[in-house]
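Down below is the structure, laid out as structure tokens.
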Amino acid sequence: MYLYNEFDEKFVSNRVAQFRGQVEKRLDGSLTENEFKPLRLMNGLYLQLHAYMLRVAVPYGSLDSGKMRQLAYIADKWDRGYGHFTTRQNIQYNWPKLKDVPEILSALAEVEMHAIQTSGNTVRNVTSDHFAGAAADEIEDPRPTAELLRQWSTDHPEFQSLPRKFKIAVTGSESDRAVTKAHDIGLRMVRNQDGEPGFEVIIGGGLGRSPFVGKVLRDFLPKRELLPYIEAILHVYNLNGRRDNKYKARIKILVHEMGLDEVRAEVEKAFEVQKQFFEAPSDALIEGIEQYFKLPDLSPADAGAYQKAIADNPAFASFASTNVATHKNDDYGIVTISLKPIGGTPGDASSEQMRLVADLAEKYSYDEIRVSHEQNLILPHVKKSDIPALYEALKPAGLATANIGLISDIIACPGMDYCALATARSIPVAQEISTRFDELKLEHEIGPLKIKISGCINACGHHHVGHIGILGLDRAGVENYQITLGGDGTETMTLGERAGPGFSAEQLLPALERLIGAYLKLRDDEAETFLATYRRLGMEPFKAALYPDSDKKKAA
Amino acid sequence: MSVIVKDGQFTELPVEPAYVAYEPGKTGAVALDVASDTPATELVLATKSATIVRIDFPTSADGRGLSLARALRQQGYSGHLRARGHVLADQYPLALRCGFDDIEISEDHAKRQPEPQWLDAFGRVKDNYQSRLMHPLQPSPTVLADTAS
């Protein structure tokens, strides 16, 4: 866990004091809501449908028990006893009172946390692989790079009034768990032929109303040149990005309209200038960051008890098969704690659950916790022999759902239940789907399947990259759900294809049942996933299942 | 009448230089007025002869002026650099850190955001992450102001 130095500490506490003054001015009326708006947005405070919403940054999704307990304390003291983990690896509180927000920020500062740059047209929280530092397929730990970028982007004088928000993700593994191709900038850590470390730089990806798969701007950028190169990209974007229409203001549109080659030429030109102003960060600075991300000294442990529990307990076996991922040390596992209980709200955690996870992280995972963009929590370093006990401890708290990567592990945006922009509900749809397929007892038979739900075209629920994507729209005052198929958010990123006309809220679940039924019949064998089957057969057979009546109409 | 914010304090606008609006390809102006959508590369050439450049901020959400200022400073412009228009007191430190010497705001703006807000913001210029990551190749705003006067 990165620890604040004196400078970080001072910076964050100054910011709290500054915002406290601004809130006082708002409350006594000397600032209007309009004037207050850009100031509160600099500190992660949104005005939502029913109340203010505070988005707290969890840099690259890393927490420890102390931070997690403080998040629970804040939920109890100033909110309604829960928090919502987001697709940006952050946590949101949905019911804070304006007068309390400075107190909340100062409680966060006590544990080295803040809400800076979690909103507004600026560089947002840098995200990363939630298995960073533990994954077996890792080339290099991406977190020191993410931390360097956090420092570089925080309060950057040139980039606080960009055309639009700007999102950066870093991954250090072959498997892309950070959706780098759907970011304004995606960085993949690679090595060149001489074995030097560097990045493949991907630009202009994004979802929203105009989805794009990111494109490679640079095959190989030496690691030490990262900051001037990123600085150059932002400089070119700030000057050339569109400002006439907020829906065309992201860098993906600039890349689309200007062309990748032209953008590359401009960036390279700016890079030549920027290189004179940056030395590669000093070794002392890099080492100062890296020291916090060392793999803990993992003691060897016999995995016999783990294998025995799998053999003896089918429920545990099922948990182990979905929620435990391969660790770089064979004696250990990466355990994902599902925040998607059947029929629950994806990503929500109560203060009691947060405190339990904090305790368990301390006991079993070297005090490390991660938040995933898929809205789950991760204990990255658990001895296999401890996993059965961990599972038993999670069960009574409703945290042992064995569904990671399965049909009920749904990403859903807050939708019309909270969000001012939403055109349809998302959370209730997710709840119905998970409840229904649980009743059918089909979940494990269906196997890996990602459903992602957005309640409006802004696509916060990432529906474009769901194997099954669901987009909730408003058709003359009635909710209407469009289905896309074949989306993929990994290193083989693909945008889903629209299947056809949308469904009403009542028709949606039966349509999904037909779709899944068709998949189960069409697949070669149990090993062929939904996505693989779709890729082999294409849209037609799935479309036929979704719209069984359309053939009859054609025939008539 | 405009107000100039310098070192966190309000000062009266000095004798107004005769600003010439930037035009593509035109060089030789001593006092140059620049819109926020001016291409940075061309601007660098046009400012070679200038002793003062005034960059417009049509709204507080338009950050292009910040990039223009940095581009000018990084490419060697050492004259006076003034931001004019909708720069909020909270954005003042950002403008200074991008190389501006002072800010020109309207009287109305100065009433809504009185001097103490600017002085307070001025105190936040020094401590920042970027000075730990970049060369201090930009002369500090104070040094520039001295040479310009």
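Labels used: A, B, ... for chains in the order of the structure tokens, numbers from 1 for residues in each chain, and numbers from 1 for ligands as shown.
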
Expected answer as a PDB file with C-alpha atoms, in the first residue's frame: chain B residues within 10 Å of chain A, only C-alpha atoms:
ATOM      1  CA  SER B  36      -8.278  30.695 -27.073  1.00  0.00           C
ATOM      2  CA  ASP B  37      -8.661  28.707 -30.309  1.00  0.00           C
ATOM      3  CA  THR B  38      -5.389  29.974 -31.813  1.00  0.00           C
ATOM      4  CA  PRO B  39      -3.092  27.167 -33.075  1.00  0.00           C
ATOM      5  CA  ALA B  40      -0.112  26.941 -30.738  1.00  0.00           C
ATOM      6  CA  THR B  41       2.597  26.428 -33.372  1.00  0.00           C
ATOM      7  CA  SER B  60     -13.795  29.308 -17.012  1.00  0.00           C
ATOM      8  CA  ALA B  61     -14.229  25.844 -18.564  1.00  0.00           C
ATOM      9  CA  ASP B  62     -12.022  26.657 -21.560  1.00  0.00           C
ATOM     10  CA  GLY B  63      -8.539  25.475 -20.613  1.00  0.00           C
ATOM     11  CA  ARG B  64      -6.922  26.051 -23.994  1.00  0.00           C
ATOM     12  CA  GLY B  65      -5.319  29.283 -22.800  1.00  0.00           C
ATOM     13  CA  LEU B  66      -3.381  27.266 -20.228  1.00  0.00           C
ATOM     14  CA  SER B  67      -1.885  25.071 -22.940  1.00  0.00           C
ATOM     15  CA  LEU B  68      -1.098  28.096 -25.115  1.00  0.00           C
ATOM     16  CA  ALA B  69       0.707  29.767 -22.237  1.00  0.00           C
ATOM     17  CA  ARG B  70       2.788  26.706 -21.492  1.00  0.00           C
ATOM     18  CA  ALA B  71       3.604  26.214 -25.164  1.00  0.00           C
ATOM     19  CA  GLN B  74       8.367  26.197 -23.162  1.00  0.00           C
ATOM     20  CA  GLN B  75       9.367  27.502 -26.551  1.00  0.00           C
ATOM     21  CA  LEU B  88     -11.781  32.012 -11.367  1.00  0.00           C
ATOM     22  CA  ASP B  90      -9.447  28.972  -7.657  1.00  0.00           C
ATOM     23  CA  GLN B  91      -7.902  28.679 -11.119  1.00  0.00           C
ATOM     24  CA  TYR B  92      -5.438  31.488 -10.482  1.00  0.00           C
ATOM     25  CA  PRO B  93      -2.637  29.204  -9.204  1.00  0.00           C
ATOM     26  CA  LEU B  94      -3.018  27.012 -12.309  1.00  0.00           C
ATOM     27  CA  ALA B  95      -2.662  30.044 -14.583  1.00  0.00           C
ATOM     28  CA  LEU B  96       0.472  31.219 -12.780  1.00  0.00           C
ATOM     29  CA  ARG B  97       1.964  27.741 -12.921  1.00  0.00           C
ATOM     30  CA  CYS B  98       1.360  27.638 -16.680  1.00  0.00           C
ATOM     31  CA  GLY B  99       3.437  30.796 -17.076  1.00  0.00           C
ATOM     32  CA  ARG B 112     -18.019  38.797  -7.016  1.00  0.00           C
ATOM     33  CA  GLN B 113     -14.589  37.395  -6.237  1.00  0.00           C
ATOM     34  CA  ASP B 120      -5.681  33.110  -0.611  1.00  0.00           C
ATOM     35  CA  ALA B 121      -5.343  31.277  -3.931  1.00  0.00           C
ATOM     36  CA  ARG B 124      -1.327  27.806  -3.053  1.00  0.00           C
ATOM     37  CA  VAL B 125       1.008  28.258  -6.022  1.00  0.00           C
ATOM     38  CA  ASP B 127       3.303  23.255  -3.467  1.00  0.00           C
ATOM     39  CA  ASN B 128       2.537  20.913  -6.308  1.00  0.00           C
ATOM     40  CA  TYR B 129       3.364  17.471  -7.591  1.00  0.00           C
ATOM     41  CA  GLN B 130       4.518  18.630 -10.998  1.00  0.00           C
ATOM     42  CA  SER B 131       7.490  20.616  -9.717  1.00  0.00           C
ATOM     43  CA  ARG B 132       8.782  17.314  -8.349  1.00  0.00           C
ATOM     44  CA  LEU B 133       8.451  15.599 -11.733  1.00  0.00           C
ATOM     45  CA  MET B 134       9.566  18.249 -14.230  1.00  0.00           C
ATOM     46  CA  HIS B 135      12.594  20.436 -14.825  1.00  0.00           C
ATOM     47  CA  PRO B 136      12.081  23.965 -13.558  1.00  0.00           C
ATOM     48  CA  LEU B 137      12.913  25.291 -17.024  1.00  0.00           C
ATOM     49  CA  GLN B 138      10.186  27.901 -16.860  1.00  0.00           C
TER      50      GLN B 138
END

Kindly provide the residues of stretch 354-435 of chain A that approach stretch 69-82 of chain A to within 8 Å, each paired with its closest atom pair and their distance in Å to one decimal, based on only C-alpha atoms, listed by chain and increasing number, as JSON lines.
{"residue": "A:Met354", "atom": "CA", "partner": "A:Ala72", "partner_atom": "CA", "distance": 5.8}
{"residue": "A:Arg355", "atom": "CA", "partner": "A:Arg69", "partner_atom": "CA", "distance": 5.4}
{"residue": "A:Ala358", "atom": "CA", "partner": "A:Arg69", "partner_atom": "CA", "distance": 6.4}

**Report entry** Picked from stretch 24-147 of chain B by DSSP as strand (DSSP E or B), as a PyMOL selection string
**Finding:** chain B and resi 31-34+52-57+80-85+102-106

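Non-sequential neighbours of A:Glu290 (distance at most 9 Å, separation of 3 or more positions within a chain, only C-alpha atoms) are Tyr2, Arg143, Pro144, Thr145, Leu285, Ile286, Glu287, Phe293 and Lys294 of chain A.
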
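You can rank B:Val20, B:Ala35, B:Ala50, B:Val30 by their closest distance to B:Gly85 using only C-alpha atoms, and at the top of that list sits B:Ala35.
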
**Report entry** Shell around stretch 54-56 of chain A at 9 Å using only C-alpha atoms, local window under 4 positions removed, as a list in words
**Finding:** Asn43, Gly44, Leu45, Tyr46, Leu47, Asn90, Ile91, Gln92, Tyr93, Asn94, Trp95, Pro96, Val101, Leu105, Leu108, Met113, His114, Ala115, Ile116, Thr118 and Ser119 of chain A

Query raised in the report: Could you pull out all residues of stretch 2-86 of chain B with a DSSP call of helix (DSSP H, G or I) and give them as number ranges by chain?
Result: B: 40-46, 64-74

Residues from the last selection, all heavy atoms, saved as a tab-separated table (two decimals), in the first residue's frame:
chain	number	residue	atom	x	y	z
B	40	ALA	N	-1.30	26.66	-31.55
B	40	ALA	CA	-0.11	26.94	-30.74
B	40	ALA	C	1.15	27.16	-31.58
B	40	ALA	O	1.92	28.08	-31.32
B	40	ALA	CB	0.11	25.81	-29.74
B	41	THR	N	1.36	26.33	-32.59
B	41	THR	CA	2.60	26.43	-33.37
B	41	THR	C	2.71	27.77	-34.09
B	41	THR	O	3.78	28.39	-34.10
B	41	THR	CB	2.69	25.30	-34.42
B	41	THR	OG1	1.38	24.79	-34.64
B	41	THR	CG2	3.58	24.19	-33.95
B	42	GLU	N	1.60	28.23	-34.65
B	42	GLU	CA	1.63	29.51	-35.35
B	42	GLU	C	1.82	30.66	-34.37
B	42	GLU	O	2.48	31.65	-34.67
B	42	GLU	CB	0.33	29.72	-36.13
B	42	GLU	CG	0.21	28.76	-37.30
B	42	GLU	CD	-1.15	28.83	-37.98
B	42	GLU	OE1	-1.74	29.92	-37.98
B	42	GLU	OE2	-1.58	27.79	-38.50
B	43	LEU	N	1.23	30.50	-33.20
B	43	LEU	CA	1.31	31.56	-32.19
B	43	LEU	C	2.75	31.82	-31.78
B	43	LEU	O	3.16	32.97	-31.60
B	43	LEU	CB	0.46	31.16	-30.97
B	43	LEU	CG	0.38	32.21	-29.87
B	43	LEU	CD1	-0.23	33.50	-30.38
B	43	LEU	CD2	-0.43	31.68	-28.69
B	44	VAL	N	3.52	30.74	-31.66
B	44	VAL	CA	4.92	30.89	-31.24
B	44	VAL	C	5.66	31.84	-32.18
B	44	VAL	O	6.40	32.72	-31.75
B	44	VAL	CB	5.61	29.52	-31.16
B	44	VAL	CG1	7.10	29.68	-30.93
B	44	VAL	CG2	5.00	28.68	-30.03
B	45	LEU	N	5.43	31.69	-33.49
B	45	LEU	CA	6.09	32.57	-34.46
B	45	LEU	C	5.61	34.02	-34.32
B	45	LEU	O	6.41	34.95	-34.38
B	45	LEU	CB	5.80	32.08	-35.89
B	45	LEU	CG	6.33	30.69	-36.23
B	45	LEU	CD1	5.86	30.27	-37.61
B	45	LEU	CD2	7.86	30.67	-36.15
B	46	ALA	N	4.31	34.18	-34.12
B	46	ALA	CA	3.72	35.52	-34.09
B	46	ALA	C	4.15	36.32	-32.86
B	46	ALA	O	4.02	37.54	-32.84
B	46	ALA	CB	2.20	35.42	-34.14
B	64	ARG	N	-7.92	25.98	-22.92
B	64	ARG	CA	-6.92	26.05	-23.99
B	64	ARG	C	-5.86	27.11	-23.73
B	64	ARG	O	-4.69	26.93	-24.08
B	64	ARG	CB	-7.62	26.33	-25.33
B	64	ARG	CG	-8.30	25.09	-25.88
B	64	ARG	CD	-9.05	25.40	-27.15
B	64	ARG	NE	-10.24	26.23	-26.88
B	64	ARG	CZ	-11.18	26.47	-27.78
B	64	ARG	NH1	-11.07	25.96	-28.99
B	64	ARG	NH2	-12.22	27.22	-27.48
B	65	GLY	N	-6.27	28.22	-23.11
B	65	GLY	CA	-5.32	29.28	-22.80
B	65	GLY	C	-4.16	28.79	-21.94
B	65	GLY	O	-3.04	29.28	-22.05
B	66	LEU	N	-4.43	27.81	-21.09
B	66	LEU	CA	-3.38	27.27	-20.23
B	66	LEU	C	-2.33	26.54	-21.07
B	66	LEU	O	-1.13	26.67	-20.85
B	66	LEU	CB	-3.99	26.32	-19.19
B	66	LEU	CG	-4.99	26.95	-18.22
B	66	LEU	CD1	-5.74	25.88	-17.44
B	66	LEU	CD2	-4.28	27.90	-17.25
B	67	SER	N	-2.82	25.78	-22.06
B	67	SER	CA	-1.88	25.07	-22.94
B	67	SER	C	-1.12	26.05	-23.82
B	67	SER	O	0.08	25.86	-24.09
B	67	SER	CB	-2.63	24.06	-23.82
B	67	SER	OG	-2.88	22.87	-23.10
B	68	LEU	N	-1.79	27.10	-24.28
B	68	LEU	CA	-1.10	28.10	-25.11
B	68	LEU	C	0.02	28.77	-24.31
B	68	LEU	O	1.14	28.94	-24.81
B	68	LEU	CB	-2.09	29.15	-25.62
B	68	LEU	CG	-3.10	28.68	-26.67
B	68	LEU	CD1	-4.07	29.82	-27.02
B	68	LEU	CD2	-2.39	28.19	-27.93
B	69	ALA	N	-0.30	29.11	-23.08
B	69	ALA	CA	0.71	29.77	-22.24
B	69	ALA	C	1.92	28.87	-22.03
B	69	ALA	O	3.07	29.29	-22.17
B	69	ALA	CB	0.08	30.14	-20.89
B	70	ARG	N	1.65	27.62	-21.72
B	70	ARG	CA	2.79	26.71	-21.49
B	70	ARG	C	3.59	26.51	-22.76
B	70	ARG	O	4.82	26.44	-22.72
B	70	ARG	CB	2.30	25.36	-20.95
B	70	ARG	CG	2.17	25.40	-19.43
B	70	ARG	CD	2.04	24.03	-18.86
B	70	ARG	NE	3.32	23.40	-18.58
B	70	ARG	CZ	3.56	22.11	-18.79
B	70	ARG	NH1	2.64	21.34	-19.31
B	70	ARG	NH2	4.72	21.61	-18.48
B	71	ALA	N	2.88	26.39	-23.90
B	71	ALA	CA	3.60	26.21	-25.16
B	71	ALA	C	4.52	27.41	-25.40
B	71	ALA	O	5.68	27.26	-25.79
B	71	ALA	CB	2.62	26.04	-26.31
B	72	LEU	N	4.01	28.62	-25.16
B	72	LEU	CA	4.83	29.81	-25.37
B	72	LEU	C	6.04	29.81	-24.46
B	72	LEU	O	7.18	30.04	-24.89
B	72	LEU	CB	4.00	31.08	-25.12
B	72	LEU	CG	3.01	31.47	-26.21
B	72	LEU	CD1	2.25	32.73	-25.80
B	72	LEU	CD2	3.73	31.71	-27.53
B	73	ARG	N	5.81	29.55	-23.19
B	73	ARG	CA	6.92	29.56	-22.24
B	73	ARG	C	7.94	28.48	-22.57
B	73	ARG	O	9.15	28.72	-22.52
B	73	ARG	CB	6.41	29.35	-20.81
B	73	ARG	CG	5.65	30.52	-20.22
B	73	ARG	CD	6.52	31.76	-20.12
B	73	ARG	NE	5.87	32.84	-19.39
B	73	ARG	CZ	6.03	34.13	-19.66
B	73	ARG	NH1	6.82	34.51	-20.67
B	73	ARG	NH2	5.44	35.05	-18.94
B	74	GLN	N	7.43	27.30	-22.90
B	74	GLN	CA	8.37	26.20	-23.16
B	74	GLN	C	9.19	26.47	-24.42
B	74	GLN	O	10.29	25.98	-24.56
B	74	GLN	CB	7.60	24.88	-23.31
B	74	GLN	CG	7.02	24.40	-21.98
B	74	GLN	CD	6.47	23.00	-22.05
B	74	GLN	OE1	5.97	22.58	-23.09
B	74	GLN	NE2	6.55	22.27	-20.95

Report task. Please provide the set of residues having any atom within 10 Å of B:Gln9, restricted to only C-alpha atoms, with same-chain residues fewer than 3 positions apart removed, written as a VMD selection string. Result -> chain B and resid 3 to 6 102 114 to 119 122

Query raised in the report: Which residues, written as number ranges by chain, have at least one atom at most 9 Å from B:Ser106, with only C-alpha atoms counted and residues fewer than 3 positions away on the same chain left out?
Result: B: 1-4, 84-86, 109-111

What would the file look like if the residues just selected were written as a short mmCIF file (atom, residue, chain, number, x, y, z; two decimals), in the first residue's frame with N, CA, C and O atoms?
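Result file is again.cif:
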data_model
loop_
_atom_site.label_atom_id
_atom_site.label_comp_id
_atom_site.auth_asym_id
_atom_site.auth_seq_id
_atom_site.Cartn_x
_atom_site.Cartn_y
_atom_site.Cartn_z
N MET B 1 -14.00 49.30 -16.94
CA MET B 1 -12.61 49.30 -16.46
C MET B 1 -12.26 47.90 -15.92
O MET B 1 -13.03 47.31 -15.17
N SER B 2 -11.12 47.40 -16.31
CA SER B 2 -10.72 46.08 -15.83
C SER B 2 -9.83 46.20 -14.59
O SER B 2 -9.31 47.26 -14.29
N VAL B 3 -9.70 45.06 -13.94
CA VAL B 3 -8.82 44.99 -12.77
C VAL B 3 -7.72 43.98 -13.09
O VAL B 3 -7.98 42.94 -13.68
N ILE B 4 -6.50 44.29 -12.71
CA ILE B 4 -5.40 43.34 -12.90
C ILE B 4 -5.10 42.68 -11.56
O ILE B 4 -4.97 43.35 -10.54
N ARG B 84 -6.86 36.94 -19.73
CA ARG B 84 -7.93 37.90 -19.64
C ARG B 84 -9.28 37.19 -19.73
O ARG B 84 -9.48 36.37 -20.62
N GLY B 85 -10.18 37.53 -18.82
CA GLY B 85 -11.54 37.01 -18.92
C GLY B 85 -11.93 36.15 -17.74
O GLY B 85 -11.66 36.47 -16.59
N HIS B 86 -12.55 35.00 -18.05
CA HIS B 86 -13.17 34.18 -17.01
C HIS B 86 -12.19 33.21 -16.37
O HIS B 86 -12.25 32.02 -16.60
N HIS B 109 -16.58 40.99 -12.12
CA HIS B 109 -15.95 39.76 -11.64
C HIS B 109 -15.18 40.04 -10.34
O HIS B 109 -15.24 39.26 -9.39
N ALA B 110 -14.49 41.17 -10.32
CA ALA B 110 -13.70 41.53 -9.13
C ALA B 110 -14.60 41.75 -7.92
O ALA B 110 -14.20 41.51 -6.77
N LYS B 111 -15.83 42.20 -8.17
CA LYS B 111 -16.76 42.39 -7.06
C LYS B 111 -17.23 41.05 -6.52
O LYS B 111 -17.34 40.84 -5.32
#

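For the choices A:Ala400, A:Ala430, A:Leu531, A:Leu509, the atom-to-atom distance to A:Pro448 is smallest for A:Leu531 when using only C-alpha atoms.
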
Determine, using only C-alpha atoms, which residues of stretch 264-342 of chain A have any atom at most 12 Å from an atom of stretch 359-370 of chain A, and tabulate each with its shortest atom pair and distance in Å to one decimal place, rows ordered by chain and then rising number, as a tab-separated table.
residue	atom	partner	partner_atom	distance
A:Tyr292	CA	A:Glu368	CA	11.7
A:Phe293	CA	A:Glu368	CA	10.7
A:Lys294	CA	A:Tyr366	CA	11.6
A:Leu295	CA	A:Tyr366	CA	9.7
A:Pro296	CA	A:Tyr366	CA	7.0
A:Asp297	CA	A:Tyr366	CA	9.2
A:Leu298	CA	A:Tyr366	CA	8.9
A:Ser299	CA	A:Tyr366	CA	11.0
A:Tyr332	CA	A:Ser365	CA	9.8
A:Gly333	CA	A:Ser365	CA	9.8
A:Ile334	CA	A:Ser365	CA	9.1
A:Val335	CA	A:Ser365	CA	9.3
A:Thr336	CA	A:Arg370	CA	9.1
A:Ile337	CA	A:Arg370	CA	10.0

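Nearest-residue note for B:Gly76: choosing from B:Phe100, B:Lys26, B:Lys48, B:Asp33, the minimum distance belongs to B:Lys48, counting only C-alpha atoms.
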
**Report entry** Selection: 6 Å around A:Gln89, only C-alpha atoms, excl. self and same-chain fewer than 6 positions, as a PyMOL selection string
**Finding:** chain A and resi 61+371-373

Since we have the selection now, will you write its residues out, keeping N, CA, C and O atoms, as a PDB file, in the first residue's frame?
ATOM      1  N   GLY A  61      -7.634   1.106  -7.288  1.00  0.00           N
ATOM      2  CA  GLY A  61      -8.418   0.087  -6.587  1.00  0.00           C
ATOM      3  C   GLY A  61      -7.768  -0.529  -5.368  1.00  0.00           C
ATOM      4  O   GLY A  61      -8.226  -1.566  -4.886  1.00  0.00           O
ATOM      5  N   VAL A 371     -10.383  -3.247  -5.166  1.00  0.00           N
ATOM      6  CA  VAL A 371     -11.713  -3.074  -5.737  1.00  0.00           C
ATOM      7  C   VAL A 371     -11.570  -3.348  -7.231  1.00  0.00           C
ATOM      8  O   VAL A 371     -10.649  -2.833  -7.860  1.00  0.00           O
ATOM      9  N   SER A 372     -12.451  -4.162  -7.809  1.00  0.00           N
ATOM     10  CA  SER A 372     -12.337  -4.422  -9.240  1.00  0.00           C
ATOM     11  C   SER A 372     -13.307  -3.533 -10.000  1.00  0.00           C
ATOM     12  O   SER A 372     -14.315  -3.097  -9.452  1.00  0.00           O
ATOM     13  N   HIS A 373     -13.000  -3.282 -11.284  1.00  0.00           N
ATOM     14  CA  HIS A 373     -13.927  -2.472 -12.082  1.00  0.00           C
ATOM     15  C   HIS A 373     -15.224  -3.245 -12.297  1.00  0.00           C
ATOM     16  O   HIS A 373     -16.227  -2.685 -12.698  1.00  0.00           O
TER      17      HIS A 373
END

Query raised in the report: Between A:Gly405, A:Pro428, A:Gly259, A:Gly455, which has the minimum distance to A:Thr529 (counting only C-alpha atoms)?
Result: A:Gly405
